[in-house]
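File shown here: structure28.cif, holding mmCIF, C-alpha atoms.
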```
data_my_file
#
loop_
_atom_site.label_atom_id
_atom_site.label_comp_id
_atom_site.auth_asym_id
_atom_site.auth_seq_id
_atom_site.Cartn_x
_atom_site.Cartn_y
_atom_site.Cartn_z
CA VAL A 4 25.97 -12.98 41.67
CA LYS A 5 28.55 -11.79 44.18
CA GLY A 6 28.19 -14.95 46.26
CA ARG A 7 28.70 -17.38 43.37
CA GLY A 8 32.49 -17.16 43.40
CA LEU A 9 32.67 -16.44 39.67
CA GLU A 10 35.81 -15.28 37.90
CA LEU A 11 35.81 -11.49 37.62
CA LEU A 12 34.84 -11.27 33.93
CA GLU A 13 32.07 -13.81 34.45
CA GLU A 14 30.84 -11.81 37.43
CA ILE A 15 30.71 -8.65 35.30
CA ARG A 16 28.83 -10.55 32.57
CA ALA A 17 26.38 -12.00 35.09
CA LEU A 18 25.74 -8.57 36.61
CA ALA A 19 25.11 -7.20 33.13
CA GLU A 20 22.63 -9.99 32.32
CA ILE A 21 20.71 -9.48 35.53
CA TYR A 22 20.70 -5.71 35.13
CA ILE A 23 19.32 -5.91 31.58
CA ASP A 24 16.66 -8.38 32.72
CA TYR A 25 15.79 -5.95 35.53
CA LEU A 26 15.44 -3.08 33.06
CA TYR A 27 13.14 -5.06 30.76
CA GLU A 28 11.00 -6.26 33.66
CA SER A 29 10.73 -3.11 35.73
CA ALA A 30 11.28 -0.05 33.57
CA ASP A 31 8.18 2.10 33.69
CA PRO A 32 7.24 2.93 30.08
CA ILE A 33 5.99 6.36 31.10
CA LEU A 34 9.17 7.30 32.93
CA ILE A 35 11.54 6.12 30.21
CA SER A 36 9.55 7.82 27.47
CA GLU A 37 9.92 11.27 29.00
CA PRO A 38 11.80 13.59 26.62
CA VAL A 39 13.97 15.03 29.42
CA PRO A 40 17.12 13.88 31.18
CA TYR A 41 16.46 11.18 33.76
CA HIS A 42 17.37 13.41 36.72
CA GLU A 43 14.78 15.95 35.56
CA ILE A 44 11.93 13.41 35.49
CA ARG A 45 11.49 13.57 39.29
CA LYS A 46 10.54 17.24 39.01
CA ARG A 47 7.63 16.35 36.70
CA LEU A 48 6.10 13.65 38.88
CA ARG A 49 3.07 14.56 40.98
CA ARG A 50 1.38 11.35 42.08
CA ALA A 51 2.79 9.65 45.17
CA SER A 52 2.84 6.26 43.42
CA GLU A 53 4.94 7.69 40.56
CA ILE A 54 7.34 9.34 42.99
CA ARG A 55 7.74 6.09 44.98
CA ALA A 56 8.32 4.07 41.81
CA PHE A 57 10.86 6.61 40.56
CA GLU A 58 12.76 6.73 43.85
CA CYS A 59 12.73 2.93 44.14
CA GLY A 60 14.13 2.65 40.62
CA LEU A 61 16.75 5.31 41.36
CA LYS A 62 17.85 3.48 44.51
CA SER A 63 17.99 0.14 42.68
CA GLY A 64 20.02 1.72 39.90
CA GLN A 65 22.49 3.21 42.36
CA GLN A 66 22.91 -0.15 44.10
CA ALA A 67 23.45 -1.91 40.78
CA PHE A 68 26.04 0.69 39.74
CA GLN A 69 27.90 0.19 43.04
CA MET A 70 27.95 -3.59 42.50
CA PHE A 71 29.37 -3.11 39.00
CA GLU A 72 31.93 -0.62 40.25
CA SER A 73 33.18 -2.88 43.05
CA THR A 74 33.63 -5.79 40.62
CA VAL A 75 35.31 -3.59 38.00
CA LYS A 76 37.68 -2.22 40.66
CA ARG A 77 38.61 -5.76 41.68
CA ALA A 78 39.19 -6.64 38.02
CA PHE A 79 41.51 -3.62 37.66
CA GLU A 80 43.39 -4.57 40.84
CA ALA A 81 43.84 -8.13 39.56
CA ASN A 82 45.01 -6.75 36.19
CA THR A 83 42.21 -8.72 34.52
CA ILE A 84 41.08 -5.56 32.71
CA SER A 85 42.70 -2.22 32.08
CA ASP A 86 41.81 1.08 30.47
CA SER A 87 42.95 4.68 30.72
CA LEU A 88 39.46 5.59 31.97
CA GLY A 89 40.16 3.84 35.26
CA ALA A 90 37.74 1.62 37.14
CA THR A 91 35.03 4.22 37.69
CA GLY A 92 35.23 5.44 34.09
CA VAL A 93 34.95 1.88 32.78
CA THR A 94 31.98 1.31 35.08
CA VAL A 95 30.30 4.42 33.64
CA ALA A 96 31.05 3.13 30.12
CA ILE A 97 29.51 -0.26 30.96
CA TRP A 98 26.52 1.44 32.58
CA SER A 99 26.05 3.67 29.55
CA MET A 100 26.32 0.75 27.16
CA LEU A 101 23.75 -1.32 29.03
CA ASN A 102 21.25 1.49 29.51
CA GLY A 103 21.68 2.75 25.95
CA ALA A 104 21.33 -0.74 24.50
CA PHE A 105 18.19 -1.25 26.56
CA MET A 106 16.66 1.95 25.20
CA VAL A 107 17.60 1.14 21.60
CA THR A 108 16.58 -2.51 21.62
CA ARG A 109 13.15 -1.75 23.08
CA GLU A 110 12.18 -0.69 19.55
CA ARG A 111 13.19 -4.01 17.96
CA GLU A 112 11.26 -3.62 14.70
CA PHE A 113 12.78 -0.21 14.04
CA ILE A 114 16.35 -1.38 14.75
CA VAL A 115 15.99 -4.49 12.62
CA HIS A 116 14.43 -2.50 9.77
CA ALA A 117 16.95 0.37 10.01
CA THR A 118 20.11 -1.70 10.46
CA GLY A 119 19.35 -5.22 9.30
CA LEU A 120 20.94 -6.54 12.49
CA LYS A 121 19.60 -9.66 14.09
CA LEU A 122 19.06 -8.63 17.70
CA ALA A 123 19.07 -12.11 19.21
CA GLY A 124 22.17 -12.12 21.39
CA PHE A 125 23.36 -8.76 20.06
CA LEU A 126 23.71 -7.06 23.44
CA SER A 127 25.65 -9.98 24.87
CA LYS A 128 27.98 -10.02 21.84
CA ALA A 129 28.53 -6.25 21.98
CA PHE A 130 29.23 -6.38 25.70
CA ASN A 131 31.66 -9.28 25.28
CA SER A 132 33.44 -7.37 22.53
CA TYR A 133 33.94 -4.44 24.90
CA LEU A 134 35.21 -6.72 27.69
CA GLN A 135 37.65 -8.39 25.27
CA GLY A 136 39.10 -4.99 24.46
CA LEU A 137 39.59 -4.29 28.16
CA THR A 138 41.31 -7.64 28.73
CA ARG A 139 43.65 -7.05 25.78
CA LEU A 140 44.74 -3.77 27.37
CA ALA A 141 45.56 -5.60 30.60
CA ARG A 142 47.79 -8.20 28.92
CA PRO A 143 51.43 -7.32 28.59
CA THR A 144 52.55 -6.94 25.00
CA SER A 145 55.60 -8.87 23.82
#
```

Output the file's structure in the form of structure tokens.
Amino acid sequence: VKGRGLELLEEIRALAEIYIDYLYESADPILISEPVPYHEIRKRLRRASEIRAFECGLKSGQQAFQMFESTVKRAFEANTISDSLGATGVTVAIWSMLNGAFMVTREREFIVHATGLKLAGFLSKAFNSYLQGLTRLARPTS
């Protein structure tokens, strides 16, 4: 994504798409079903294969966060987006949105039944809505 030369908002969207795909493809159902905070899961793991998988996922997550943060910082510097949270705060908000949406949309039948929402494209639309709000804050008001 970084090497494609995309505009900053498109780069953020592309990173989000790839990250969500990564979560759906690689998230270990056992690890994400644990009823404890993520950082506490490591303490519960005993098998070497579980520990390796957890640490690999943690490292991948940290790398993905850093990619998001560097792009968001560039978008702030270019005045493409703005928010009182600052670049790192916006990155955390994006990260939270993507991870939370992943957890919620894994239970598609429940969400559709409980809310009536059509989930096809929902995450992309929600994410674009958030980005539009950030771009409006960056535009000077007349």

Just the residues within 9 Å of A:Ala19, please, counting all atoms listed in the file, with nothing from its chain fewer than 3 positions along; format it as a CSV table (one decimal) with C-alpha atoms, in the coordinates of the input.
```
chain,number,residue,atom,x,y,z
A,14,GLU,CA,30.8,-11.8,37.4
A,15,ILE,CA,30.7,-8.6,35.3
A,16,ARG,CA,28.8,-10.6,32.6
A,22,TYR,CA,20.7,-5.7,35.1
A,23,ILE,CA,19.3,-5.9,31.6
A,24,ASP,CA,16.7,-8.4,32.7
A,71,PHE,CA,29.4,-3.1,39.0
A,97,ILE,CA,29.5,-0.3,31.0
A,98,TRP,CA,26.5,1.4,32.6
A,101,LEU,CA,23.8,-1.3,29.0
A,127,SER,CA,25.6,-10.0,24.9
A,130,PHE,CA,29.2,-6.4,25.7
```

Long-range neighbours of A:Tyr27 as an NGL selection string, 12 Å cut-off, only C-alpha atoms, 6 positions minimum in chain: :A and (20-21 or 35 or 101-102 or 104-109)

Kindly save the residues from that selection, with C-alpha atoms included, as a PDB file, keeping the file's coordinate frame.
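Generated file (again-v1.pdb):
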```
ATOM      1  CA  GLU A  20      22.630  -9.990  32.320  1.00  0.00           C
ATOM      2  CA  ILE A  21      20.710  -9.480  35.530  1.00  0.00           C
ATOM      3  CA  ILE A  35      11.540   6.120  30.210  1.00  0.00           C
ATOM      4  CA  LEU A 101      23.750  -1.320  29.030  1.00  0.00           C
ATOM      5  CA  ASN A 102      21.250   1.490  29.510  1.00  0.00           C
ATOM      6  CA  ALA A 104      21.330  -0.740  24.500  1.00  0.00           C
ATOM      7  CA  PHE A 105      18.190  -1.250  26.560  1.00  0.00           C
ATOM      8  CA  MET A 106      16.660   1.950  25.200  1.00  0.00           C
ATOM      9  CA  VAL A 107      17.600   1.140  21.600  1.00  0.00           C
ATOM     10  CA  THR A 108      16.580  -2.510  21.620  1.00  0.00           C
ATOM     11  CA  ARG A 109      13.150  -1.750  23.080  1.00  0.00           C
TER      12      ARG A 109
END
```

message: To one decimal place in Å, what is the distance between atom CA of A:Glu110 and atom CA of A:Tyr25?
response: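 Computed distance, atom CA of A:Glu110 to atom CA of A:Tyr25, equals 17.2 Å.
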
- request: Just give me the residues with any atom within 12 Å of (28.8, -2.0, 40.1), file coordinates, counting all atoms listed in the file, written as a ChimeraX atom specification.
  value: /A:4-5,14-19,21-22,63-78,90-98
